[in-house]
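This report refers to the structure that appears directly beneath it.
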Amino acid sequence: MSAQYTLAELAECCGAELRGDGDCRIHGVETLDDATAGQISFFNNPRYRRFLQDTQASAVILRPADAQDCPTNALLTENPYLAWARVTRCFAPDLNTGKGIHESASVDAEASIHPEAWVAAGAVIGAGSRVEANAYVGPNCVLGRNVLLGEGSRLLAAVVLMDDVRIGRDCLIHPGAVIGGDGFGLANDQGRWEKVAQLGSVVLGDNVEVGANTTIDRGAIHDTVIHDGVKLDNQIQVAHNVEIGENTAIAACTGISGSTRIGAGCTLAGGVGVVGHIELADGVHVSGASVVSRSLREPGVYTGGILAMPHKTWQKNIARIKQLDSMARRLKELEKTLSRLQAQSGENEE
Amino acid sequence: MSAQYTLAELAECCGAELRGDGDCRIHGVETLDDATAGQISFFNNPRYRRFLQDTQASAVILRPADAQDCPTNALLTENPYLAWARVTRCFAPDLNTGKGIHESASVDAEASIHPEAWVAAGAVIGAGSRVEANAYVGPNCVLGRNVLLGEGSRLLAAVVLMDDVRIGRDCLIHPGAVIGGDGFGLANDQGRWEKVAQLGSVVLGDNVEVGANTTIDRGAIHDTVIHDGVKLDNQIQVAHNVEIGENTAIAACTGISGSTRIGAGCTLAGGVGVVGHIELADGVHVSGASVVSRSLREPGVYTGGILAMPHKTWQKNIARIKQLDSMARRLKELEKTLSRLQAQSGENEE
Amino acid sequence: MSAQYTLAELAECCGAELRGDGDCRIHGVETLDDATAGQISFFNNPRYRRFLQDTQASAVILRPADAQDCPTNALLTENPYLAWARVTRCFAPDLNTGKGIHESASVDAEASIHPEAWVAAGAVIGAGSRVEANAYVGPNCVLGRNVLLGEGSRLLAAVVLMDDVRIGRDCLIHPGAVIGGDGFGLANDQGRWEKVAQLGSVVLGDNVEVGANTTIDRGAIHDTVIHDGVKLDNQIQVAHNVEIGENTAIAACTGISGSTRIGAGCTLAGGVGVVGHIELADGVHVSGASVVSRSLREPGVYTGGILAMPHKTWQKNIARIKQLDSMARRLKELEKTLSRLQAQSGENEE
């Protein structure tokens with residue numbers, strides 16, 4: 001990281017209020033406890049207050065209410081993590097090392113690459129595809145036919161966009177992601193499966209992020225749609241005809257089955273499974289590794305599953321699960337019997 | 001979609017009985033409610049009957065028993081979804097745009113590519129490999145040494161087939177799939193792991209479909225075997241020595257552990273886990289996100305797991321799981337005590 | 001497999017004691033029941049003793065205590081599976097077919113490739129990267145900028161190592177693995193997500209194995225660290241800032257959330273989920289498909305989840321889960337009432 005800024009510049013960039021020496025030069029970011037002179041850090045979680053008090057950082061991003069504990073220059077804001085996000089981006093290395101089409105890329109004569117785009121080594125781009133200004137097609141990426149890669153969007157490496165996929169502006173697609181593979185559509189003919197052609201495609205809005213090795217299938221008839229600002233982590237599976245609402249964030253290893261609609265502003269934690277043909281309302285939050293089997297029409301937090309415990313505890317108790325119905329019935333029977341006994345013994349009034 | 005057919009041609013193609021104008025020209029497929037003139041749709045699920053009655057489609061595929069509700073031309077069949085599958089395939093765009101070997105592909109001098117096969121840009125094919133007639137090796141695919149890609153089989157993009165993998169006829173492998181990676185075989189030497197070489201390979205039968213980013217590991221000694229007509233969705237993991245029987249279909253994000261044998265005609269829904277060294281009989285159906293921990297020797301439906309519920313409901317009830325064994329014992333104790341009390345109070349006969 | 005050894009050579013290679021004909025020529029490995037003359041097998045699991053007694057193998061690796069049941073030459077050792085691992089590796093085909101840089105690879109002028117390394121067709125290597133002696137960059141792999149690939153390490157095919165990733169010696173990375181993609185770091189700004197730049201990288205120690213399509217994210221500030229001897233199976237997700245201790249082995253489809261530290265000598269079975277910001281002690285073993293939601297500070301076996309059962313059994317019993325809290329309360333109430341009744345009826349002393 002060779003970038004360097006004055007603290008005043010960083011305050012400006014992240015929208016925080018400067019307290020202290022605006023000329024102080026910052027060359028990098030660090031955690032509170034590891035920071036040294038010339039580095040900036042942030043304080044968000046009260047658990048780490050002792051690190052704040054002892055930090056050697058040259059500046060700290062934090063809430064005004066915490067400013068009295070800060071031994072150095074401060075950038076004050078009510079959302080320190082957001083300001084931190086902006087500061088980190090100042091120190092991120094540039095992605096693009098040039099413009100134009102690498103000599104080892106294979107670009108179809110009928111594809112259109114903006115002169116201000118960059119197509120890296122080994123990329124393959126099919127007929128009718130269009131790569132807009134400042135877009136980046138990384139090494140060994142594959143774009144099928146009639147693909148649109150919008151302005152400023154970046155495919156980092158080995159990303160595959162199948163025919164007709166349309167990516168909006170300023171999207172970021174991580175390596176190994178596959179967008180526009182066939183949905184899993186099969187019709188049964190006396191035991192044998194026949195393929196249902198998947199004639200829709202996939203549309204991503206603007207500012208969408210797609211993690212490494214995530215897969216988003218094309219729709220059967222209509223498109224699979226990922227709206228603006230959606231953030232998908234690694235190894236997520238999005239089946240055909242799914243729709244994901246604006247600014248929903250989904251953590252790794254989650255799978256969403258076909259034709260399900262997920263609202264805006266939702267969060268799905270890691271390893272979640274969602275069955276097909278249901279709807280999740282805006283503002284639904286699903287806990288890690290939970291399985292959603294029906295529509296959730298109210299915002300709120302939903303959870304399922306049984307968490308890990310010592311194996312013997314699990315063994316002893318889980319064996320009882322298959323007795324649960326019987327236990328419930330016997331419990332009810334006991335209550336009845338006991339109540340009758342109490343009546344007989346005149347112990348009704350308690 | 002520029003393809004266009006007469007309704008009579010489509011009836012012929014899908015094996016349905018034509019009712020109405022066989023000369024009617026059809027240029028595309030649509031859902032019942034979105035279809036307009038020139039499009040064909042299908043009716044399978046009684047829930048959508050109102051869409052059938054109001055459809056603007058030029059033709060609908062449906063059961064003879066539903067024909068009276070169809071306001072337009074009809075293709076009659078007892079399996080509308082199967083006929084639909086066939087019709088959709090009429091409208092699927094062609095995959096191959098040419099034959100021969102793209103100049104940017106790297107084909108070993110000792111590989112054999114049929115003149116009627118197509119090797120796309122950036123593909124790499126190793127010594128001793130054979131690509132048969134009408135097979136397609138898509139952009140940036142990698143075939144190791146001594147790989148067989150059977151007649152009419154297609155690797156869409158960035159597929160990796162490692163050494164000695166054998167793919168039958170008319171298979172379809174989606175982008176990012178890896179077939180023939182090493183199985184996870186390790187021997188422990190006082191805490192350190194040593195690799196067990198994986199000397200088997202992977203064999204796929206005919207008409208197998210493999211989804212995007214799915215992985216199928218090579219066997220340790222013998223081959224991992226995927227039989228004819230098996231359909232695998234995206235991001236499935238098939239471990240070494242597994243055998244999957246004919247026409248079994250497995251949905252996304254499922255993992256099958258080593259040396260397990262899955263019968264024919266099974267379905268595993270999404271996110272299923274199957275432990276190693278077990279057998280699933282023909283006709284076993286496993287519900288989504290279930291974990292199969294022992295052999296299932298009878299056909300039928302199997303399910304596990306606890307589905308998502310409002311977080312507070314979950315919290316309150318799941319905390320009791322660790323008391324389940326104690327609850328069961330106390331319940332039994334109560335029954336005994338109560339029965340003794342009843343005996344004492346002369347209330348035996350109810 | 002054209003390799004051939006004398007049994008004495010194999011005894012030497014695997015550190016076992018030879019009993020029988022050391023000149024016997026062995027040309028391959030097989031299971032006990034399928035082996036024929038010229039093949040070697042092993043016996044480890046008492047369940048297969050009948051196969052040992054009838055084997056046609058020319059030699060068997062087994063424990064001295066089992067030697068009396070072996071009808072042929074034997075290699076005696078207290079750890080037969082370890083000796084087997086070593087013998088299988090004698091029969092594994094060579095990976096590298098040459099040295100140097102394939103003409104279709106794109107290597108930046110500022111990258112450094114050791115003359116005793118091999119860069120295969122279609123590989124792309126960025127500025128500042130270094131590939132050490134006997135390292136292998138397989139077909140269509142991508143190395144970003146300033147990547148280090150240590151001596152003897154092998155990237156089999158289509159592996160992506162993003163900028164600044166550092167791989168130690170003798171690592172083996174399977175196809176489709178992505179190392180160094182961005183961690184999932186997001187700050188929320190009134191509903192919209194802003195990216196937190198991921199400024200750390202990923203460091204792998206020596207002798208690490210990474211399975212096909214596994215993803216390991218770069219750290220937010222510091223590095224994600226995988227220590228020596230760690231073995232990762234396919235389709236594992238390792239989030240940013242995770243640390244995995246020496247010789248820990250993790251089976252397929254497991255996901256580890258951000259900033260979690262996993263100790264040394266642990267095993268995580270397939271499909272496990274581990275939440276973020278926790279610690280697993282050395283020697284923790286997690287059963288398949290379990291979800292770890294809190295730090296596990298003691299070694300031992302941990303398990304969660306409810307395994308698959310016939311669907312009707314599941315349906316009947318699982319419906320009661322939401323009554324569990326109520327059942328527990330009612331049970332307690334019954335115990336109180338009954339105990340009072342017993343007191344009244346003078347049945348206190350049992």
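Chains: A, B, ... in order of the structure tokens. Residues: from 1 per chain. Ligands: from 1, in order shown.
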Test item: residues at most 8 Å from Ile167 in chain B, only C-alpha atoms, excluding those fewer than 3 positions along its chain, as an mmCIF file with C-alpha atoms, in the first residue's frame:
data_model
loop_
_atom_site.group_PDB
_atom_site.id
_atom_site.type_symbol
_atom_site.label_atom_id
_atom_site.label_comp_id
_atom_site.auth_asym_id
_atom_site.auth_seq_id
_atom_site.Cartn_x
_atom_site.Cartn_y
_atom_site.Cartn_z
ATOM 1 C CA LEU B 148 -12.838 -39.575 -23.143
ATOM 2 C CA LEU B 149 -15.612 -37.159 -24.111
ATOM 3 C CA GLY B 150 -18.341 -39.218 -25.762
ATOM 4 C CA SER B 153 -21.494 -34.521 -25.026
ATOM 5 C CA CYS B 171 -23.974 -35.535 -21.440
ATOM 6 C CA VAL B 203 -17.074 -42.674 -15.217
ATOM 7 C CA LEU B 204 -20.260 -40.963 -16.381
ATOM 8 C CA GLY B 205 -22.838 -42.876 -18.369
ATOM 9 C CA ASP B 206 -24.977 -41.409 -21.159
#
Taking only C-alpha atoms into account, produce a table as CSV in which each residue of chain C with an atom at most 8 Å from an atom of chain B appears once, together with its shortest atom pair and the distance in Å to one decimal, ordered by chain and rising number.
residue,atom,partner,partner_atom,distance
C:Val29,CA,B:Ile221,CA,7.4
C:Glu30,CA,B:Ile221,CA,6.4
C:Thr31,CA,B:Ile221,CA,7.5
C:Tyr81,CA,B:Ala187,CA,6.0
C:Leu82,CA,B:Ala187,CA,5.0
C:Trp84,CA,B:Val196,CA,7.4
C:Ala85,CA,B:Val196,CA,4.2
C:Arg86,CA,B:Val196,CA,7.0
C:Thr88,CA,B:Ala197,CA,5.2
C:Arg89,CA,B:Ala197,CA,5.1
C:Phe91,CA,B:Leu199,CA,7.8
C:Ala92,CA,B:Ala197,CA,6.1
C:Ser104,CA,B:Ser106,CA,7.4
C:Ala121,CA,B:Ser106,CA,6.6
C:Gly122,CA,B:Gly122,CA,6.5
C:Pro139,CA,B:Val142,CA,6.7
C:Asn140,CA,B:Asn140,CA,6.9
C:Ala157,CA,B:Val160,CA,7.3
C:Ala158,CA,B:Val160,CA,7.6
C:His174,CA,B:Gly181,CA,6.5
C:Pro175,CA,B:Val178,CA,6.6
C:Gly176,CA,B:Gly176,CA,6.9
C:Gly211,CA,B:Gly181,CA,7.8
C:Ala212,CA,B:Gly181,CA,6.6
C:Asn213,CA,B:Asn213,CA,6.9
C:Gly229,CA,B:Arg192,CA,6.9
C:Lys231,CA,B:Trp193,CA,7.9
C:Asp233,CA,B:Phe184,CA,6.1
C:Asn234,CA,B:Gln237,CA,7.3
C:Gln235,CA,B:Gln237,CA,7.3
C:Asn247,CA,B:Arg192,CA,5.8
C:Ala251,CA,B:Phe184,CA,7.7
C:Ala252,CA,B:Gln237,CA,7.3
C:Cys253,CA,B:Gly255,CA,6.9
C:Gly265,CA,B:Gly191,CA,6.6
C:Gly270,CA,B:Ser257,CA,7.7
C:Gly271,CA,B:Gly273,CA,7.0
C:Gly288,CA,B:Val275,CA,7.7
C:Ala289,CA,B:Gly273,CA,7.2
C:Gly305,CA,B:Gly305,CA,6.3
C:Ile306,CA,B:Gly305,CA,4.8
C:Leu307,CA,B:Gly304,CA,5.0
C:Ala308,CA,B:Gly304,CA,3.8
C:Met309,CA,B:Tyr302,CA,5.2
C:Pro310,CA,B:Tyr302,CA,4.4
C:His311,CA,B:Tyr302,CA,4.6
C:Trp314,CA,B:Thr303,CA,6.3
C:Ile318,CA,B:Ile306,CA,7.1
C:Ile321,CA,B:Asn317,CA,6.7
C:Lys322,CA,B:Asn317,CA,6.0
C:Gln323,CA,B:Asn317,CA,7.1
C:Leu324,CA,B:Asn317,CA,5.2
C:Asp325,CA,B:Asn317,CA,4.8
C:Ala328,CA,B:Met327,CA,7.0
C:Leu331,CA,B:Leu331,CA,7.1
C:Leu334,CA,B:Leu334,CA,8.0
C:Glu335,CA,B:Leu334,CA,7.0
C:Leu338,CA,B:Leu338,CA,7.4
C:Gln342,CA,B:Leu341,CA,7.6
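For the residues B:Val242, B:Val60, B:Val225, B:Leu52, ranking by smallest atom-to-atom distance to Ile40 in chain B using only C-alpha atoms places B:Val60 first.
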DSSP-assigned strand (DSSP E) members of range 31-268 of chain A, reported as a VMD selection string: chain A and resid 39 to 42 59 to 62 73 to 76 100 to 101 106 to 107 112 to 113 118 to 119 124 to 125 130 to 131 136 to 137 142 to 143 148 to 149 154 to 155 160 to 161 166 to 167 172 to 173 178 to 181 186 to 189 192 to 195 202 to 204 209 to 210 215 to 217 224 to 226 231 to 232 237 to 238 243 to 244 249 to 250 255 to 256 261 to 262 267 to 268
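Backbone DSSP over range 75-133 of chain C gives alpha helix (DSSP H) for C:Pro80, C:Tyr81, C:Leu82, C:Ala83, C:Trp84, C:Ala85, C:Arg86, C:Val87, C:Thr88, C:Arg89, C:Cys90.
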Residues near Val230 in chain B, cut-off 7 Å, only C-alpha atoms, skip fewer than 2 positions along chain, as JSON, numbers by chain: {"B": [208, 209, 226, 227, 228, 232, 246, 247, 248, 249]}
Using only C-alpha atoms, please write the residues we just selected to a file, as a compact mmCIF listing (two decimals), in the first residue's frame.
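Output (selection-v4.txt):
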# COMPACT_ATOMS: atom_id res chain seq x y z
CA VAL B 208 -25.95 -37.34 -17.55
CA GLU B 209 -26.27 -33.66 -16.62
CA ILE B 226 -22.53 -42.01 -12.31
CA HIS B 227 -25.00 -44.11 -14.27
CA ASP B 228 -27.06 -43.24 -17.34
CA LEU B 232 -27.00 -33.38 -10.85
CA GLU B 246 -29.77 -44.64 -13.24
CA ASN B 247 -32.13 -41.69 -13.51
CA THR B 248 -31.53 -40.44 -10.00
CA ALA B 249 -31.91 -36.65 -9.73
For Ala83 in chain C, the nearest of the candidates C:Ala343, C:Ala281, C:Ala16, C:Val119, counting only C-alpha atoms: C:Ala16
Contacts of Ala57 in chain B at 7 Å (only C-alpha atoms; same-chain gap of 6+ positions) as a list of chain:residue names: B:Leu32, B:Ala35, B:Thr36, B:Ala37, B:Gly38, B:Gln39, B:Ile40, B:Ser41
